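Q: Provided below: work-v4.pdb, containing PDB, C-alpha atoms.
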ATOM      1  CA  MET A   1      -4.797  12.242 -20.080
ATOM      2  CA  SER A   2      -7.634  14.722 -20.435
ATOM      3  CA  PRO A   3      -8.383  17.118 -17.552
ATOM      4  CA  GLN A   4     -11.814  15.498 -17.127
ATOM      5  CA  MET A   5     -10.307  12.034 -16.961
ATOM      6  CA  LEU A   6      -7.653  13.230 -14.553
ATOM      7  CA  GLY A   7     -10.354  14.659 -12.302
ATOM      8  CA  ILE A   8     -12.180  11.339 -12.236
ATOM      9  CA  VAL A   9      -9.002   9.426 -11.488
ATOM     10  CA  LEU A  10      -7.963  11.841  -8.740
ATOM     11  CA  PHE A  11     -11.358  11.555  -7.081
ATOM     12  CA  ALA A  12     -11.129   7.779  -7.189
ATOM     13  CA  LEU A  13      -7.671   7.933  -5.668
ATOM     14  CA  GLN A  14      -8.854  10.223  -2.910
ATOM     15  CA  GLU A  15     -11.570   7.728  -2.065
ATOM     16  CA  ALA A  16      -9.105   4.880  -2.295
ATOM     17  CA  ILE A  17      -6.791   6.393   0.298
ATOM     18  CA  LYS A  18      -8.990   4.789   2.908
ATOM     19  CA  ALA A  19      -8.206   1.389   1.446
ATOM     20  CA  ALA A  20      -4.487   1.399   0.752
ATOM     21  CA  PRO A  21      -2.800   4.683   1.733
ATOM     22  CA  SER A  22       0.814   3.926   0.930
ATOM     23  CA  LEU A  23       0.197   2.691  -2.554
ATOM     24  CA  VAL A  24      -2.316   5.400  -3.280
ATOM     25  CA  SER A  25       0.236   7.998  -2.233
ATOM     26  CA  ASP A  26       2.594   6.709  -4.896
ATOM     27  CA  LEU A  27      -0.183   6.604  -7.453
ATOM     28  CA  GLY A  28      -1.162  10.129  -6.507
ATOM     29  CA  GLN A  29       2.349  11.367  -7.159
ATOM     30  CA  LEU A  30       2.314   9.612 -10.489
ATOM     31  CA  PHE A  31      -1.031  11.049 -11.517
ATOM     32  CA  SER A  32       0.100  14.524 -10.541
ATOM     33  CA  LYS A  33       2.394  14.432 -13.547
ATOM     34  CA  SER A  34       0.872  15.948 -16.652
ATOM     35  CA  ASP A  35       2.112  13.223 -18.962
ATOM     36  CA  VAL A  36       2.486   9.767 -17.462
ATOM     37  CA  THR A  37       4.590   7.446 -19.556
ATOM     38  CA  PRO A  38       4.742   3.633 -19.556
ATOM     39  CA  ALA A  39       8.183   4.006 -17.975
ATOM     40  CA  ASP A  40       6.589   5.819 -15.016
ATOM     41  CA  TRP A  41       4.285   2.864 -14.418
ATOM     42  CA  GLU A  42       7.216   0.501 -14.684
ATOM     43  CA  THR A  43       9.190   2.548 -12.171
ATOM     44  CA  LEU A  44       6.336   2.272  -9.705
ATOM     45  CA  ARG A  45       6.135  -1.498 -10.235
ATOM     46  CA  THR A  46       9.862  -1.765  -9.623
ATOM     47  CA  LYS A  47       9.533   0.281  -6.436
ATOM     48  CA  VAL A  48       6.769  -1.948  -5.086
ATOM     49  CA  SER A  49       8.694  -5.098  -5.973
ATOM     50  CA  ALA A  50      12.040  -3.840  -4.718
ATOM     51  CA  LYS A  51      11.843  -4.853  -1.075
ATOM     52  CA  GLY A  52      11.632  -8.563  -0.471
ATOM     53  CA  TYR A  53      11.009 -10.379   2.800
ATOM     54  CA  HIS A  54      14.709 -10.728   3.569
ATOM     55  CA  ASP A  55      15.285  -7.004   3.195
ATOM     56  CA  TYR A  56      12.991  -6.471   6.163
ATOM     57  CA  VAL A  57      14.094  -9.608   7.988
ATOM     58  CA  PRO A  58      17.858  -9.900   7.440
ATOM     59  CA  GLU A  59      18.214 -12.358  10.306
ATOM     60  CA  SER A  60      15.541 -14.660   8.952
ATOM     61  CA  GLN A  61      16.172 -18.371   9.213
ATOM     62  CA  LEU A  62      14.362 -18.988   5.943
ATOM     63  CA  PRO A  63      16.480 -19.682   2.880
ATOM     64  CA  ARG A  64      16.812 -16.855   0.393
ATOM     65  CA  SER A  65      15.144 -17.881  -2.808
TER
ATOM     66  CA  MET B  66      -8.984 -13.210  24.967
ATOM     67  CA  LYS B  67      -8.508 -14.240  21.360
ATOM     68  CA  THR B  68     -11.491 -12.087  20.386
ATOM     69  CA  LEU B  69      -9.908  -9.098  22.119
ATOM     70  CA  GLN B  70      -6.646  -9.735  20.329
ATOM     71  CA  LYS B  71      -8.451  -9.930  16.999
ATOM     72  CA  LEU B  72     -10.325  -6.721  17.779
ATOM     73  CA  ARG B  73      -7.039  -5.017  18.664
ATOM     74  CA  SER B  74      -5.511  -6.225  15.406
ATOM     75  CA  LEU B  75      -8.481  -4.990  13.451
ATOM     76  CA  LEU B  76      -8.379  -1.579  15.122
ATOM     77  CA  LEU B  77      -4.663  -1.138  14.470
ATOM     78  CA  ALA B  78      -4.988  -2.309  10.909
ATOM     79  CA  THR B  79      -7.831   0.135  10.396
ATOM     80  CA  ALA B  80      -5.754   2.933  11.898
ATOM     81  CA  LEU B  81      -2.834   2.149   9.637
ATOM     82  CA  ILE B  82      -5.065   1.992   6.612
ATOM     83  CA  ALA B  83      -6.814   5.213   7.492
ATOM     84  CA  ILE B  84      -3.630   7.288   7.619
ATOM     85  CA  PRO B  85      -4.288  10.093   5.205
ATOM     86  CA  ALA B  86      -1.433   9.797   2.770
ATOM     87  CA  VAL B  87      -2.398  12.222   0.104
ATOM     88  CA  THR B  88      -4.184  15.513   0.198
ATOM     89  CA  LEU B  89      -5.562  16.681  -3.067
ATOM     90  CA  VAL B  90      -5.146  20.395  -3.388
ATOM     91  CA  THR B  91      -6.926  22.178  -6.171
ATOM     92  CA  ALA B  92      -6.497  25.921  -6.190
ATOM     93  CA  ALA B  93      -9.836  27.702  -6.194
ATOM     94  CA  GLY B  94     -10.812  28.670  -9.676
ATOM     95  CA  CYS B  95      -7.774  26.963 -11.189
ATOM     96  CA  ARG B  96      -8.756  23.536 -12.339
ATOM     97  CA  SER B  97      -6.341  22.813 -15.156
ATOM     98  CA  VAL B  98      -4.225  19.700 -15.074
ATOM     99  CA  GLU B  99      -1.121  21.783 -14.513
ATOM    100  CA  GLN B 100      -2.593  23.515 -11.496
ATOM    101  CA  THR B 101      -3.886  20.408  -9.814
ATOM    102  CA  THR B 102      -1.270  19.241  -7.376
ATOM    103  CA  TYR B 103      -0.872  16.632  -4.741
ATOM    104  CA  ARG B 104       0.568  17.266  -1.351
ATOM    105  CA  THR B 105       1.869  14.059   0.074
ATOM    106  CA  ALA B 106       2.332  13.542   3.766
ATOM    107  CA  GLY B 107       5.376  11.393   3.230
ATOM    108  CA  THR B 108       3.631   8.283   4.436
ATOM    109  CA  ALA B 109       4.376   6.064   1.456
ATOM    110  CA  HIS B 110       4.820   2.480   2.499
ATOM    111  CA  ILE B 111       4.666   3.414   6.176
ATOM    112  CA  ALA B 112       1.946   0.942   7.015
ATOM    113  CA  VAL B 113       3.648  -2.084   5.523
ATOM    114  CA  ASP B 114       7.092  -0.777   6.460
ATOM    115  CA  ARG B 115       6.123  -0.388  10.098
ATOM    116  CA  ALA B 116       4.710  -3.871  10.233
ATOM    117  CA  MET B 117       7.627  -5.544   8.470
ATOM    118  CA  ILE B 118      10.349  -3.607  10.296
ATOM    119  CA  SER B 119       8.740  -4.591  13.593
ATOM    120  CA  TRP B 120       8.600  -8.189  12.443
ATOM    121  CA  GLY B 121      12.244  -8.069  11.389
ATOM    122  CA  ALA B 122      13.257  -6.809  14.828
ATOM    123  CA  TYR B 123      11.169  -9.499  16.484
ATOM    124  CA  VAL B 124      12.759 -12.249  14.381
ATOM    125  CA  ALA B 125      16.242 -10.967  15.182
ATOM    126  CA  LYS B 126      15.520 -10.980  18.896
ATOM    127  CA  PHE B 127      13.292 -14.003  19.445
ATOM    128  CA  LYS B 128      13.987 -16.359  16.530
ATOM    129  CA  PRO B 129      10.379 -17.506  16.063
ATOM    130  CA  PRO B 130       9.542 -20.901  14.505
ATOM    131  CA  ALA B 131      10.039 -21.208  10.761
ATOM    132  CA  ALA B 132       6.310 -21.786  10.327
ATOM    133  CA  GLN B 133       5.608 -18.276  11.616
ATOM    134  CA  GLU B 134       8.207 -16.780   9.340
ATOM    135  CA  ILE B 135       6.786 -18.641   6.366
ATOM    136  CA  ALA B 136       3.296 -17.373   7.185
ATOM    137  CA  VAL B 137       4.460 -13.753   7.390
ATOM    138  CA  LYS B 138       6.596 -14.082   4.261
ATOM    139  CA  GLU B 139       3.635 -15.450   2.313
ATOM    140  CA  ALA B 140       1.323 -12.736   3.637
ATOM    141  CA  TYR B 141       3.857 -10.067   2.666
ATOM    142  CA  GLU B 142       4.202 -11.535  -0.811
ATOM    143  CA  ARG B 143       0.413 -11.609  -1.172
ATOM    144  CA  TYR B 144       0.330  -7.913  -0.281
ATOM    145  CA  GLN B 145       3.095  -7.192  -2.760
ATOM    146  CA  SER B 146       1.250  -9.039  -5.552
ATOM    147  CA  ALA B 147      -1.966  -7.261  -4.672
ATOM    148  CA  SER B 148      -0.137  -3.922  -4.850
ATOM    149  CA  LEU B 149       1.160  -4.740  -8.313
ATOM    150  CA  ALA B 150      -2.381  -5.610  -9.356
ATOM    151  CA  VAL B 151      -3.483  -2.172  -8.128
ATOM    152  CA  ILE B 152      -0.828  -0.513 -10.275
ATOM    153  CA  ASN B 153      -1.867  -2.544 -13.311
ATOM    154  CA  SER B 154      -5.511  -1.675 -12.850
ATOM    155  CA  ALA B 155      -4.671   1.987 -12.199
ATOM    156  CA  GLN B 156      -2.730   2.131 -15.439
ATOM    157  CA  ILE B 157      -5.707   0.751 -17.332
ATOM    158  CA  TYR B 158      -8.126   2.971 -15.438
ATOM    159  CA  SER B 159      -6.085   6.054 -16.274
ATOM    160  CA  THR B 160      -7.102   5.666 -19.900
ATOM    161  CA  ASN B 161     -10.429   3.896 -19.564
ATOM    162  CA  LYS B 162     -12.809   5.053 -16.864
ATOM    163  CA  ASP B 163     -15.086   2.066 -17.527
ATOM    164  CA  THR B 164     -12.636  -0.084 -15.599
ATOM    165  CA  LYS B 165     -13.227   1.642 -12.255
ATOM    166  CA  SER B 166     -14.757  -1.458 -10.698
ATOM    167  CA  ASP B 167     -11.609  -3.440 -11.510
ATOM    168  CA  PHE B 168      -9.526  -0.722  -9.893
ATOM    169  CA  ASP B 169     -11.776  -0.722  -6.821
ATOM    170  CA  THR B 170     -11.568  -4.503  -6.570
ATOM    171  CA  ALA B 171      -7.786  -4.423  -6.791
ATOM    172  CA  LEU B 172      -7.619  -1.790  -4.063
ATOM    173  CA  ALA B 173      -9.944  -3.754  -1.829
ATOM    174  CA  THR B 174      -7.823  -6.867  -2.317
ATOM    175  CA  ALA B 175      -4.653  -4.963  -1.413
ATOM    176  CA  SER B 176      -6.357  -3.522   1.637
ATOM    177  CA  VAL B 177      -7.400  -6.972   2.840
ATOM    178  CA  ALA B 178      -3.904  -8.329   2.187
ATOM    179  CA  LEU B 179      -2.412  -5.518   4.264
ATOM    180  CA  SER B 180      -4.884  -6.107   7.096
ATOM    181  CA  GLU B 181      -4.080  -9.800   7.073
ATOM    182  CA  LEU B 182      -0.343  -9.136   7.170
ATOM    183  CA  VAL B 183      -0.652  -6.712  10.081
ATOM    184  CA  GLY B 184      -3.073  -8.996  11.894
ATOM    185  CA  LEU B 185      -0.812 -12.007  11.469
ATOM    186  CA  ILE B 186       2.236 -10.199  12.797
ATOM    187  CA  GLN B 187       0.282  -9.038  15.831
ATOM    188  CA  GLU B 188      -1.150 -12.486  16.351
ATOM    189  CA  PHE B 189       2.421 -13.696  16.790
ATOM    190  CA  GLY B 190       2.829 -11.219  19.636
ATOM    191  CA  VAL B 191       4.677  -8.446  17.866
ATOM    192  CA  GLU B 192       3.999  -4.865  18.824
ATOM    193  CA  ILE B 193       4.123  -2.726  15.719
ATOM    194  CA  VAL B 194       6.206   0.316  16.555
ATOM    195  CA  GLU B 195       5.273   3.811  15.456
TER
END
Take the structure in the file and write it out as structure tokens.

A:
Amino acid sequence: MSPQMLGIVLFALQEAIKAAPSLVSDLGQLFSKSDVTPADWETLRTKVSAKGYHDYVPESQLPRS
Amino acid sequence: MKTLQKLRSLLLATALIAIPAVTLVTAAGCRSVEQTTYRTAGTAHIAVDRAMISWGAYVAKFKPPAAQEIAVKEAYERYQSASLAVINSAQIYSTNKDTKSDFDTALATASVALSELVGLIQEFGVEIVE
């Protein structure tokens, strides 16, 4: 990513913090890398998908699907 | 009473959303990619974590009706999907600045999904712990 492009993206992220701080924090860490690979994006997707409802609510009465 | 509760939910959701998670630090006079760093405040996933952990504790203690659990589960899954959409749009935006509006839309959607999740949990009488 070019320095100019990175600057634009970082500014957008800074603005976006107001909207979704937790996710933007992760994106910020990712963008702070000089060379972001497709694997980095995939790792972030995996992280976001990792915790399901039953991980937070182990005593849920809903069936695990 | 319901209006007050909604206002309270909105205020808390706004507070959670407004937590500054990332501080961009650019050293004066040093603007290269390598010298641009992020300082994170370690707040990743705090907003949704706080809400869901509180809900989990509430479910363990009070065993709410299944309908309430289903509603929260669906709201959480909507937030999760919206978050994945943000990542997808960010990946595209990182190489094509013309897609900023898509990125903004995805962020707005995730923000609304988070507000709805927090609001729903509070509506069911759960106090979201710090």

Q: Which residue, B:Leu149, B:Ala132, B:Met117, B:Val137, has the smallest gap to A:Arg45 when you use all atoms listed in the file?

A: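 Nearest candidate to A:Arg45 out of B:Leu149, B:Ala132, B:Met117, B:Val137: B:Leu149.
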
Q: Could you state which residues are captured by the PyMOL selection byres ((chain B and resi 138-147) around 9) in this file, as JSON, numbers by chain?

A: {"A": [48, 49, 52, 53, 54], "B": [113, 117, 133, 134, 135, 136, 137, 148, 149, 150, 151, 152, 171, 172, 174, 175, 176, 177, 178, 179, 181, 182, 185]}

Q: I need the output of the PyMOL selection byres ((chain A and resi 36-38) around 12) for this file as a list in words; which residues are they?

A: Met1, Ser2, Leu6, Leu27, Gly28, Gln29, Leu30, Phe31, Ser32, Lys33, Ser34, Asp35, Ala39, Asp40, Trp41, Glu42, Thr43, Leu44 and Arg45 of chain A; Ile152, Asn153, Ala155, Gln156, Ile157, Ser159 and Thr160 of chain B

Q: Which of these residues is nearest to chain A, using all atoms listed in the file: B:Ile193, B:Pro129, B:Gly121, B:Ser166?

A: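 Distance minimum relative to chain A lands on B:Gly121.
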
Q: What gap, in Å, lies between atom CA of B:Ala116 and atom CA of B:Asp167?

A: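 Distance between the two atoms: 27.2 Å.
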
Q: May I ask for the distance between atom CA of A:Gln61 and atom CA of A:Thr46, given in Å to one decimal place?

A: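 Here the two named atoms are 25.9 Å from each other.
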
Q: Given all atoms listed in the file as the basis, pick out the residue of A:Val24, A:Pro63, A:Val57, A:Lys51 nearest to chain B.

A: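 Checking each of A:Val24, A:Pro63, A:Val57, A:Lys51 against chain B, counting all atoms listed in the file, the winner is A:Val57.
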
Q: Just add N, CA and C atoms to stretch 29-46 of chain A and send it as a PDB file, in the coordinates of the input.

A:
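Result saved to selection11.pdb:
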ATOM      1  N   GLN A  29       1.189  10.641  -6.642  1.00  0.00           N
ATOM      2  CA  GLN A  29       2.349  11.367  -7.159  1.00  0.00           C
ATOM      3  C   GLN A  29       2.484  11.151  -8.660  1.00  0.00           C
ATOM      4  N   LEU A  30       2.196   9.925  -9.063  1.00  0.00           N
ATOM      5  CA  LEU A  30       2.314   9.612 -10.489  1.00  0.00           C
ATOM      6  C   LEU A  30       1.263  10.374 -11.303  1.00  0.00           C
ATOM      7  N   PHE A  31       0.047  10.377 -10.786  1.00  0.00           N
ATOM      8  CA  PHE A  31      -1.031  11.049 -11.517  1.00  0.00           C
ATOM      9  C   PHE A  31      -0.884  12.565 -11.504  1.00  0.00           C
ATOM     10  N   SER A  32      -0.082  13.071 -10.586  1.00  0.00           N
ATOM     11  CA  SER A  32       0.100  14.524 -10.541  1.00  0.00           C
ATOM     12  C   SER A  32       0.970  15.008 -11.709  1.00  0.00           C
ATOM     13  N   LYS A  33       1.634  14.057 -12.359  1.00  0.00           N
ATOM     14  CA  LYS A  33       2.394  14.432 -13.547  1.00  0.00           C
ATOM     15  C   LYS A  33       1.436  14.680 -14.708  1.00  0.00           C
ATOM     16  N   SER A  34       1.787  15.634 -15.556  1.00  0.00           N
ATOM     17  CA  SER A  34       0.872  15.948 -16.652  1.00  0.00           C
ATOM     18  C   SER A  34       0.900  14.880 -17.744  1.00  0.00           C
ATOM     19  N   ASP A  35       2.049  14.272 -17.939  1.00  0.00           N
ATOM     20  CA  ASP A  35       2.112  13.223 -18.962  1.00  0.00           C
ATOM     21  C   ASP A  35       2.783  11.972 -18.371  1.00  0.00           C
ATOM     22  N   VAL A  36       1.972  11.004 -18.055  1.00  0.00           N
ATOM     23  CA  VAL A  36       2.486   9.767 -17.462  1.00  0.00           C
ATOM     24  C   VAL A  36       2.886   8.815 -18.580  1.00  0.00           C
ATOM     25  N   THR A  37       4.087   8.341 -18.514  1.00  0.00           N
ATOM     26  CA  THR A  37       4.590   7.446 -19.556  1.00  0.00           C
ATOM     27  C   THR A  37       4.568   5.994 -19.062  1.00  0.00           C
ATOM     28  N   PRO A  38       4.650   5.047 -19.976  1.00  0.00           N
ATOM     29  CA  PRO A  38       4.742   3.633 -19.556  1.00  0.00           C
ATOM     30  C   PRO A  38       5.933   3.396 -18.629  1.00  0.00           C
ATOM     31  N   ALA A  39       6.996   4.151 -18.838  1.00  0.00           N
ATOM     32  CA  ALA A  39       8.183   4.006 -17.975  1.00  0.00           C
ATOM     33  C   ALA A  39       7.860   4.406 -16.531  1.00  0.00           C
ATOM     34  N   ASP A  40       6.988   5.401 -16.367  1.00  0.00           N
ATOM     35  CA  ASP A  40       6.589   5.819 -15.016  1.00  0.00           C
ATOM     36  C   ASP A  40       5.878   4.672 -14.295  1.00  0.00           C
ATOM     37  N   TRP A  41       5.003   4.003 -15.014  1.00  0.00           N
ATOM     38  CA  TRP A  41       4.285   2.864 -14.418  1.00  0.00           C
ATOM     39  C   TRP A  41       5.271   1.770 -14.041  1.00  0.00           C
ATOM     40  N   GLU A  42       6.233   1.554 -14.931  1.00  0.00           N
ATOM     41  CA  GLU A  42       7.216   0.501 -14.684  1.00  0.00           C
ATOM     42  C   GLU A  42       8.077   0.838 -13.463  1.00  0.00           C
ATOM     43  N   THR A  43       8.403   2.112 -13.334  1.00  0.00           N
ATOM     44  CA  THR A  43       9.190   2.548 -12.171  1.00  0.00           C
ATOM     45  C   THR A  43       8.443   2.272 -10.878  1.00  0.00           C
ATOM     46  N   LEU A  44       7.143   2.527 -10.901  1.00  0.00           N
ATOM     47  CA  LEU A  44       6.336   2.272  -9.705  1.00  0.00           C
ATOM     48  C   LEU A  44       6.275   0.774  -9.390  1.00  0.00           C
ATOM     49  N   ARG A  45       6.142  -0.037 -10.443  1.00  0.00           N
ATOM     50  CA  ARG A  45       6.135  -1.498 -10.235  1.00  0.00           C
ATOM     51  C   ARG A  45       7.466  -1.956  -9.619  1.00  0.00           C
ATOM     52  N   THR A  46       8.530  -1.401 -10.143  1.00  0.00           N
ATOM     53  CA  THR A  46       9.862  -1.765  -9.623  1.00  0.00           C
ATOM     54  C   THR A  46       9.984  -1.372  -8.157  1.00  0.00           C
TER      55      THR A  46
END
